[in-house]
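Trainee: Below you'll find target30.tsv; it's TSV, C-alpha atoms.
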chain	number	residue	atom	x	y	z
A	78	ASP	CA	0.33	10.98	-14.64
A	79	VAL	CA	3.87	9.62	-14.79
A	80	ARG	CA	3.32	7.99	-18.18
A	81	SER	CA	2.07	11.16	-19.85
A	82	THR	CA	4.88	13.07	-18.16
A	83	ALA	CA	7.39	10.71	-19.73
A	84	THR	CA	5.91	11.36	-23.16
A	85	SER	CA	5.86	15.13	-22.76
A	86	PHE	CA	9.55	15.16	-21.83
A	87	GLY	CA	10.58	13.07	-24.82
A	88	ILE	CA	11.17	9.80	-22.97
A	89	SER	CA	10.07	7.06	-25.35
A	90	SER	CA	8.79	4.54	-22.83
A	91	TYR	CA	7.70	4.15	-19.24
A	92	GLY	CA	10.46	1.59	-18.82
A	93	LYS	CA	13.09	4.20	-19.69
A	94	LEU	CA	11.58	6.53	-17.12
A	95	LEU	CA	11.93	3.82	-14.47
A	96	ALA	CA	15.57	3.30	-15.41
A	97	ASN	CA	16.68	6.93	-15.74
A	98	MET	CA	17.15	9.87	-13.44
A	99	PRO	CA	14.06	11.78	-12.26
A	100	LEU	CA	12.63	14.71	-14.15
A	101	VAL	CA	13.61	17.82	-12.23
A	102	THR	CA	10.92	20.02	-13.82
A	103	TRP	CA	8.01	17.72	-13.02
A	104	SER	CA	5.70	18.68	-10.13
A	105	PRO	CA	3.95	15.80	-8.36
A	106	VAL	CA	0.24	15.84	-7.57
A	107	PRO	CA	-0.12	17.31	-4.02
A	108	TYR	CA	-2.33	14.55	-2.64
A	109	LEU	CA	-0.97	14.88	0.88
A	110	SER	CA	-1.58	18.59	1.37
A	111	HIS	CA	-4.97	18.39	-0.34
A	112	TYR	CA	-6.40	15.51	1.69
A	113	LEU	CA	-4.70	16.41	4.95
A	114	ASP	CA	-6.87	19.53	5.09
A	115	MET	CA	-10.04	17.43	5.02
A	116	PRO	CA	-11.70	16.02	8.16
A	117	ALA	CA	-10.53	12.57	9.23
A	118	LEU	CA	-12.77	9.75	8.05
A	119	LYS	CA	-14.49	8.12	11.00
A	120	SER	CA	-14.15	4.37	11.42
A	121	GLN	CA	-15.02	1.80	14.03
A	122	LYS	CA	-11.49	1.54	15.39
A	123	GLY	CA	-10.40	5.13	14.80
A	124	PHE	CA	-7.52	4.54	12.42
A	125	MET	CA	-7.24	8.16	11.27
A	126	ASP	CA	-7.43	9.51	14.82
A	127	SER	CA	-4.53	7.39	16.05
A	128	PRO	CA	-1.10	8.95	16.74
A	129	PHE	CA	0.58	5.78	15.43
A	130	GLN	CA	-0.63	4.54	12.04
A	131	LEU	CA	0.65	1.76	9.80
A	132	VAL	CA	-0.71	1.23	6.29
A	133	ILE	CA	-0.11	-2.21	4.75
A	134	ILE	CA	-0.76	-2.40	1.00
A	135	ASN	CA	-0.87	-5.91	-0.41
A	136	LYS	CA	-1.97	-7.80	-3.51
A	137	TYR	CA	-2.44	-11.45	-4.42
A	138	THR	CA	-2.88	-11.92	-8.16
A	139	LYS	CA	-1.22	-13.83	-10.96
A	140	GLU	CA	1.70	-11.89	-12.39
A	141	TRP	CA	3.13	-12.22	-15.88
A	142	GLY	CA	1.02	-15.35	-16.40
A	143	ARG	CA	2.51	-17.01	-13.34
A	144	GLN	CA	1.52	-17.48	-9.73
A	145	PRO	CA	1.64	-14.46	-7.35
A	146	MET	CA	5.15	-13.22	-6.59
A	147	ASN	CA	5.06	-9.70	-5.17
A	148	TYR	CA	2.80	-10.27	-2.19
A	149	LEU	CA	2.96	-10.37	1.60
A	150	ASP	CA	2.16	-13.86	2.82
A	151	PHE	CA	0.02	-14.53	5.86
A	152	ASN	CA	2.92	-14.97	8.27
A	153	THR	CA	4.33	-11.58	7.22
A	154	ILE	CA	0.93	-9.91	7.58
A	155	ARG	CA	0.51	-11.37	11.05
A	156	ALA	CA	3.96	-10.23	12.15
A	157	LEU	CA	3.39	-6.67	10.90
A	158	VAL	CA	-0.05	-6.31	12.49
A	159	GLU	CA	0.82	-7.86	15.83
A	160	GLU	CA	4.27	-6.33	16.30
A	161	PHE	CA	3.10	-2.82	15.46
A	162	SER	CA	0.54	-2.97	18.26
A	163	GLN	CA	2.88	-4.65	20.74
A	164	ASN	CA	5.63	-2.06	20.21
A	165	CYS	CA	3.65	1.13	19.59
A	166	GLY	CA	1.01	0.71	22.28
A	167	LYS	CA	-2.76	0.57	22.65
A	168	GLN	CA	-3.31	3.68	20.52
A	169	ALA	CA	-1.55	2.17	17.51
A	170	ARG	CA	-3.78	1.36	14.52
A	171	VAL	CA	-3.23	-0.60	11.31
A	172	LEU	CA	-5.00	-0.22	7.95
A	173	TYR	CA	-4.76	-3.22	5.62
A	174	VAL	CA	-5.35	-2.53	1.94
A	175	ARG	CA	-5.91	-5.38	-0.53
A	176	ASP	CA	-8.55	-5.01	-3.19
A	177	THR	CA	-10.50	-8.24	-3.58
A	178	ALA	CA	-13.44	-7.00	-5.68
A	179	ASN	CA	-14.19	-8.45	-9.11
A	180	SER	CA	-14.40	-6.22	-12.18
A	181	GLU	CA	-18.10	-5.42	-11.73
A	182	GLU	CA	-17.66	-4.56	-8.05
A	183	MET	CA	-14.62	-2.40	-8.83
A	184	HIS	CA	-16.65	-0.36	-11.32
A	185	LYS	CA	-19.28	0.22	-8.62
A	186	LEU	CA	-16.56	1.39	-6.24
A	187	GLY	CA	-15.24	3.82	-8.83
A	188	MET	CA	-12.07	1.87	-9.64
A	189	ALA	CA	-10.80	0.71	-13.02
A	190	PRO	CA	-10.02	-3.03	-13.05
A	191	ASP	CA	-6.62	-4.05	-14.40
A	192	HIS	CA	-7.88	-7.45	-15.60
A	193	GLN	CA	-5.84	-9.32	-13.01
A	194	ALA	CA	-8.30	-11.24	-10.88
A	195	SER	CA	-7.53	-11.18	-7.17
A	196	GLN	CA	-7.04	-14.60	-5.63
A	197	THR	CA	-7.91	-15.90	-2.18
A	198	LEU	CA	-5.23	-15.44	0.45
A	199	ARG	CA	-5.65	-17.66	3.51
A	200	ASP	CA	-3.81	-18.52	6.68
A	201	PRO	CA	-2.26	-21.95	5.96
A	202	LYS	CA	-2.94	-23.03	9.55
A	203	SER	CA	-6.48	-21.84	10.31
A	204	GLY	CA	-7.79	-21.27	6.79
A	205	ALA	CA	-8.86	-17.73	7.72
A	206	LEU	CA	-8.99	-15.13	4.95
A	207	ASP	CA	-6.48	-12.31	5.33
A	208	ILE	CA	-9.23	-9.66	5.17
A	209	ASP	CA	-11.31	-11.42	7.83
A	210	TRP	CA	-8.35	-12.04	10.15
A	211	VAL	CA	-7.25	-8.40	10.04
A	212	SER	CA	-10.80	-7.16	10.69
A	213	ARG	CA	-10.99	-9.30	13.83
A	214	GLN	CA	-7.95	-7.63	15.39
A	215	SER	CA	-8.90	-4.96	17.91
A	216	HIS	CA	-6.44	-2.41	16.50
A	217	ALA	CA	-6.69	-3.12	12.77
A	218	GLU	CA	-9.10	-2.28	9.96
A	219	THR	CA	-9.33	-3.09	6.28
A	220	MET	CA	-10.02	-0.78	3.36
A	221	GLN	CA	-13.24	-2.75	2.87
A	222	ASP	CA	-14.34	-1.51	6.30
A	223	PHE	CA	-13.83	2.08	5.10
A	224	TYR	CA	-15.72	1.40	1.86
A	225	ALA	CA	-18.69	0.09	3.86
A	226	GLN	CA	-18.71	3.01	6.28
A	227	HIS	CA	-18.34	5.69	3.60
A	228	PRO	CA	-20.45	4.59	0.61
A	229	ASP	CA	-20.69	8.23	-0.51
A	230	LEU	CA	-16.98	8.22	-1.44
A	231	SER	CA	-15.37	6.43	-4.35
A	232	ALA	CA	-12.83	3.78	-3.39
A	233	ASN	CA	-9.99	5.92	-4.70
A	234	GLU	CA	-10.99	8.98	-2.66
A	235	GLY	CA	-11.42	6.80	0.41
A	236	LYS	CA	-7.85	5.56	0.07
A	237	LEU	CA	-6.40	8.98	-0.64
A	238	ARG	CA	-8.01	10.40	2.48
A	239	ALA	CA	-7.24	7.41	4.69
A	240	PHE	CA	-3.53	7.59	3.84
A	241	SER	CA	-3.20	11.31	4.57
A	242	ARG	CA	-2.30	11.06	8.27
A	243	ALA	CA	-0.02	8.01	8.08
A	244	SER	CA	3.76	8.13	7.94
A	245	CYS	CA	4.53	4.38	7.98
A	246	PHE	CA	3.77	2.29	4.89
A	247	VAL	CA	4.59	-1.30	4.01
A	248	SER	CA	3.71	-2.11	0.43
A	249	VAL	CA	4.40	-4.37	-2.54
A	250	GLN	CA	5.62	-3.83	-6.08
A	251	GLY	CA	2.99	-2.70	-8.55
A	252	GLY	CA	0.41	-0.07	-9.28
A	253	ALA	CA	-1.69	-0.58	-6.14
A	254	SER	CA	1.13	0.72	-3.98
A	255	LYS	CA	2.27	3.69	-6.04
A	256	THR	CA	-0.30	6.04	-4.47
A	257	ALA	CA	1.50	5.70	-1.14
A	258	PHE	CA	4.62	7.28	-2.66
A	259	PHE	CA	2.84	10.66	-2.54
A	260	TYR	CA	2.39	10.65	1.26
A	261	GLY	CA	5.85	11.15	2.72
A	262	GLY	CA	7.15	9.28	5.74
A	263	LYS	CA	8.69	5.86	5.22
A	264	ASN	CA	7.75	3.05	2.88
A	265	ILE	CA	9.20	-0.47	2.82
A	266	VAL	CA	8.41	-2.10	-0.54
A	267	PHE	CA	8.51	-5.85	-1.13
A	268	HIS	CA	9.82	-6.24	-4.67
A	269	ALA	CA	10.53	-9.79	-5.82
A	270	ARG	CA	10.21	-9.04	-9.52
A	271	GLY	CA	9.28	-6.06	-11.71
A	272	SER	CA	10.53	-3.38	-14.08
A	273	GLU	CA	11.13	-0.77	-11.35
A	274	THR	CA	14.87	-0.29	-10.86
A	275	ASP	CA	16.84	0.81	-7.81
A	276	THR	CA	17.14	4.21	-9.49
A	277	TYR	CA	13.34	4.41	-9.62
A	278	TYR	CA	12.98	3.78	-5.88
A	279	ASN	CA	16.02	5.79	-4.79
A	280	LYS	CA	15.96	8.75	-7.18
A	281	LEU	CA	12.53	9.19	-8.75
A	282	VAL	CA	10.10	8.21	-5.98
A	283	PRO	CA	11.54	10.64	-3.37
A	284	HIS	CA	10.57	13.49	-5.72
A	285	PHE	CA	6.89	12.59	-5.24
A	286	SER	CA	6.78	13.65	-1.57
A	287	GLY	CA	10.21	13.24	-0.03
A	288	GLN	CA	9.30	9.73	1.08
A	289	SER	CA	12.11	7.45	2.25
A	290	VAL	CA	11.78	4.14	0.38
A	291	THR	CA	13.44	0.85	1.28
A	292	LYS	CA	13.28	-1.95	-1.27
A	293	ALA	CA	13.24	-5.51	0.09
A	294	SER	CA	13.55	-8.53	-2.18
A	295	GLU	CA	12.89	-11.05	0.60
A	296	ARG	CA	10.08	-11.03	3.16
A	297	SER	CA	12.59	-11.61	5.95
A	298	GLU	CA	14.47	-8.53	4.73
A	299	LEU	CA	11.22	-6.53	4.79
A	300	LEU	CA	10.48	-7.54	8.39
A	301	LYS	CA	14.02	-6.65	9.45
A	302	ALA	CA	13.65	-3.17	7.93
A	303	PHE	CA	10.19	-2.78	9.49
A	304	ARG	CA	11.47	-3.58	12.96
A	305	ALA	CA	14.40	-1.21	12.60
A	306	GLN	CA	12.52	1.73	11.06
A	307	MET	CA	8.92	1.65	12.27
A	308	LEU	CA	8.76	0.17	15.74
A	309	VAL	CA	9.11	2.29	18.86
A	310	SER	CA	12.05	1.06	20.89
Please go through the file and, once you have read it, give me the structure as structure tokens.
Mentor:
Amino acid sequence: DVRSTATSFGISSYGKLLANMPLVTWSPVPYLSHYLDMPALKSQKGFMDSPFQLVIINKYTKEWGRQPMNYLDFNTIRALVEEFSQNCGKQARVLYVRDTANSEEMHKLGMAPDHQASQTLRDPKSGALDIDWVSRQSHAETMQDFYAQHPDLSANEGKLRAFSRASCFVSVQGGASKTAFFYGGKNIVFHARGSETDTYYNKLVPHFSGQSVTKASERSELLKAFRAQMLVS
């Protein structure tokens, strides 16, 4: 727990931890090695069995009492999903993660709600929900698909296992995406606003798993980094 770690090392606030250099004596939780040893979770489209995996972690909630800021809009989602398949081939698979459950449903899934209600994210042209559109793509699945296929697992364990064989992540600022920092590979983070500093992304996060993190403050910047770093030429 990063917050308790900050306290134990005499750092007075989580904000100061985000702004300061990493703690060299702290050992991160070995999620990757632990879950990589477990059998791949089966799914309808075989995400975990694919040699080319992309995990997209999104959110769409009010932030700081305002409208959503740190989220991937529908056009960005479409570009990521379609271009990954077009460039990486028929074996490429995408996992889209955006929790849409209400507080009661989250408790049933084994997750603690953060009291920020998820809002509806739709395609401005067709009106399709992001979750539904992704599920209809032949090479893409949603975390909700995994929840339905593995009701014996908590939502958190399902995510931790599903991420274990991926090396390409596209995520957004906030707590929902921090789990991905423990899985190595590359992560492009859309960060429009938040307390996390450049030092946090460049100095602290790599200590979690050696992950290479690119911060993008514009969606166009995120797509440019995605095309340069994660698409097979």
Trainee: If you measure from CA of Phe223 in chain A to CA of Asp209 in chain A, what distance in Å do you get, rounded to one decimal?
Mentor: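 Distance reported for this atom pair: 14.0 Å.
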Trainee: Name the closest residue to Arg175 in chain A among the candidates A:Lys136, A:Lys301, A:Arg143, A:His216; distances are taken between atoms, counting all atoms listed in the file.
Mentor: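 Of A:Lys136, A:Lys301, A:Arg143, A:His216, the one nearest Arg175 in chain A, counting all atoms listed in the file, is A:Lys136.
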Trainee: Restricting the calculation to all atoms listed in the file: of A:Thr256, A:Ser248, A:Asn264, A:Thr197, which residue gets closest to Tyr173 in chain A?
Mentor: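 Closest to Tyr173 in chain A, using all atoms listed in the file: A:Ser248.
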Trainee: So what do you get for CA of Ile154 in chain A versus CA of Pro128 in chain A, distance-wise?
Mentor: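 Computing it gives 21.1 Å between the two atoms.
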Trainee: Give me the residues within 12 Å of Ser297 in chain A as a PyMOL selection string, counting all atoms listed in the file and dropping any in the same chain fewer than 2 places off.
Mentor: chain A and resi 149-150+152-154+156-157+267+293-295+299-304
Trainee: Which one is closest to Met125 in chain A: A:Ser203, A:Gln168, A:Thr276, A:Ser215? Count all atoms listed in the file.
Mentor: A:Gln168
Trainee: Considering only C-alpha atoms, return as a PyMOL selection string whatever protein or nucleic-acid residues lie within 7 Å of Leu113 in chain A, sequence-local ones (same chain, fewer than 4 positions apart) excluded.
Mentor: chain A and resi 109+241-242
Trainee: If you count all atoms listed in the file, which residues fall within 12 Å of Lys119 in chain A, apart from same-chain ones fewer than 2 positions away, as a PyMOL selection string?
Mentor: chain A and resi 115-117+121-127+218+222-227+235+238-239
Trainee: Which neighbours of Val174 in chain A fall inside 6 Å, counting all atoms listed in the file, when residues of the same chain fewer than 2 positions from it are skipped, and could you give them as a VMD selection string?
Mentor: chain A and resid 133 to 134 219 to 220
Trainee: Interatomic distance between CA of Ala305 in chain A and CA of Gly262 in chain A?
Mentor: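 About the pair CA of Ala305 in chain A and CA of Gly262 in chain A: they are 14.5 Å apart.
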Trainee: List the spatial neighbours of Gln288 in chain A as a list in words - criterion: any atom at most 6 Å away, all atoms listed in the file, same-chain residues fewer than 2 positions off excluded.
Mentor: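 Near Gln288 in chain A, the qualifying residues are Gly261, Gly262, Lys263, Pro283 and Ser286 of chain A.
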